[in-house]
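Let me begin by presenting the structure, written as structure tokens, before commenting on it.
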Amino acid sequence: QVQLVESGGGLVQPGGSLRLSCAASVRIFSLRRMGWYCQAPGKQRELVADITASGSTNYADSAKGRFTISIVSANTTVYLQMNSLKPEDTAVYYCKVTSSLRDYWGQGTQVTVSS
């Protein structure tokens, strides 16, 4: 049973930084991509950034220039470095892993940007 364990969320002031981590409990073979999604209250879950096993990245417009996604595919770990955080970044952030067989989701980690 694959589990994704997320960490790194919390409360930060506007302009601050956080680094989210997501690690799979076991190695996932035939890994295609890993990504981060966010869901604010009353809104749909949306893509923040994702990265393929070969390192190609894709960012939401709101994340470009502020967030950086990186991957260690050997141990199925993905990171999201978030800088220059804004109150509108407040949301629950979910990790998603896509393999050739299925998708896996983490339980989510809360990010709150507030003074």
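We label chains A, B, ... in the order they appear in the structure tokens, count residues from 1 in each chain, and number ligands from 1 in the order shown.
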Long-range neighbours of region 70-85 of chain A as a PDB file with N, CA and C atoms, in the first residue's frame, 6 Å cut-off, only C-alpha atoms, 5 positions minimum in chain:
```
ATOM      1  N   PRO A  14       3.262  37.180   5.107  1.00  0.00           N
ATOM      2  CA  PRO A  14       3.419  37.544   3.697  1.00  0.00           C
ATOM      3  C   PRO A  14       4.862  37.894   3.379  1.00  0.00           C
ATOM      4  N   GLY A  15       5.322  37.385   2.234  1.00  0.00           N
ATOM      5  CA  GLY A  15       6.710  37.575   1.848  1.00  0.00           C
ATOM      6  C   GLY A  15       7.636  36.477   2.326  1.00  0.00           C
ATOM      7  N   GLY A  16       7.130  35.615   3.184  1.00  0.00           N
ATOM      8  CA  GLY A  16       7.953  34.541   3.725  1.00  0.00           C
ATOM      9  C   GLY A  16       8.050  33.348   2.800  1.00  0.00           C
ATOM     10  N   SER A  17       8.711  32.300   3.284  1.00  0.00           N
ATOM     11  CA  SER A  17       8.962  31.102   2.487  1.00  0.00           C
ATOM     12  C   SER A  17       8.598  29.849   3.267  1.00  0.00           C
ATOM     13  N   LEU A  18       8.233  28.826   2.514  1.00  0.00           N
ATOM     14  CA  LEU A  18       8.014  27.493   3.059  1.00  0.00           C
ATOM     15  C   LEU A  18       8.525  26.482   2.045  1.00  0.00           C
ATOM     16  N   ARG A  19       8.915  25.316   2.546  1.00  0.00           N
ATOM     17  CA  ARG A  19       9.316  24.225   1.670  1.00  0.00           C
ATOM     18  C   ARG A  19       8.471  23.011   1.998  1.00  0.00           C
ATOM     19  N   LEU A  20       7.676  22.586   1.043  1.00  0.00           N
ATOM     20  CA  LEU A  20       6.852  21.402   1.219  1.00  0.00           C
ATOM     21  C   LEU A  20       7.597  20.176   0.710  1.00  0.00           C
ATOM     22  N   SER A  21       7.403  19.068   1.405  1.00  0.00           N
ATOM     23  CA  SER A  21       7.999  17.797   1.000  1.00  0.00           C
ATOM     24  C   SER A  21       6.925  16.732   0.920  1.00  0.00           C
ATOM     25  N   CYS A  22       7.106  15.814   0.005  1.00  0.00           N
ATOM     26  CA  CYS A  22       6.186  14.692  -0.136  1.00  0.00           C
ATOM     27  C   CYS A  22       7.007  13.459  -0.471  1.00  0.00           C
ATOM     28  N   ALA A  23       6.903  12.450   0.366  1.00  0.00           N
ATOM     29  CA  ALA A  23       7.668  11.227   0.162  1.00  0.00           C
ATOM     30  C   ALA A  23       6.736  10.028   0.136  1.00  0.00           C
ATOM     31  N   ALA A  24       6.980   9.134  -0.800  1.00  0.00           N
ATOM     32  CA  ALA A  24       6.194   7.905  -0.863  1.00  0.00           C
ATOM     33  C   ALA A  24       6.747   6.891   0.129  1.00  0.00           C
ATOM     34  N   ARG A  27       8.945   2.722  -2.906  1.00  0.00           N
ATOM     35  CA  ARG A  27       9.322   3.220  -4.225  1.00  0.00           C
ATOM     36  C   ARG A  27       8.218   2.910  -5.216  1.00  0.00           C
TER      37      ARG A  27
END
```
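Across the structure, CA of Arg32 (chain A) and CA of Val97 (chain A) are spaced 7.8 Å apart.
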* When DSSP works through the backbone of this structure, what residues of chain A end up as strand (DSSP E or B), shown as a ChimeraX atom specification? -> /A:4-7,10-12,18-24,31-39,46-52,57-59,67-72,77-82,91-99,103-105,109-113
Quick one: which region 34-84 of chain A residues come within 10 Å of region 109-114 of chain A, and what is the nearest atom pair for each with the distance in Å to one decimal, counting only C-alpha atoms, rows ordered by chain and ascending number, as JSON lines?
```
{"residue": "A:Cys38", "atom": "CA", "partner": "A:Val111", "partner_atom": "CA", "distance": 9.3}
{"residue": "A:Gln39", "atom": "CA", "partner": "A:Gln110", "partner_atom": "CA", "distance": 9.6}
{"residue": "A:Ala40", "atom": "CA", "partner": "A:Gln110", "partner_atom": "CA", "distance": 9.7}
```
Output N, CA, C and O atoms of each residue in that selection to a file, as a PDB file, in the first residue's frame.
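Everything below was put into part_29.pdb:
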```pdb
ATOM      1  N   CYS A  38      -3.389  22.728  -4.938  1.00  0.00           N
ATOM      2  CA  CYS A  38      -3.879  23.441  -3.762  1.00  0.00           C
ATOM      3  C   CYS A  38      -5.392  23.585  -3.856  1.00  0.00           C
ATOM      4  O   CYS A  38      -5.969  23.607  -4.948  1.00  0.00           O
ATOM      5  N   GLN A  39      -5.994  23.657  -2.694  1.00  0.00           N
ATOM      6  CA  GLN A  39      -7.431  23.841  -2.613  1.00  0.00           C
ATOM      7  C   GLN A  39      -7.750  24.809  -1.490  1.00  0.00           C
ATOM      8  O   GLN A  39      -7.520  24.506  -0.317  1.00  0.00           O
ATOM      9  N   ALA A  40      -8.254  25.979  -1.863  1.00  0.00           N
ATOM     10  CA  ALA A  40      -8.671  26.981  -0.885  1.00  0.00           C
ATOM     11  C   ALA A  40     -10.141  26.736  -0.537  1.00  0.00           C
ATOM     12  O   ALA A  40     -10.869  26.112  -1.306  1.00  0.00           O
TER      13      ALA A  40
END
```
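Picture a line from CA of Leu101 (chain A) to CA of Val2 (chain A); it runs 12.5 Å.
Put simply, CA of Thr52 (chain A) is 28.8 Å away from CA of Val12 (chain A).
Remark: for Gln3 (chain A), the closest of the candidate residues A:Ser100, A:Cys95, A:Gly42, A:Ser115 is A:Cys95 (distances computed over only C-alpha atoms).
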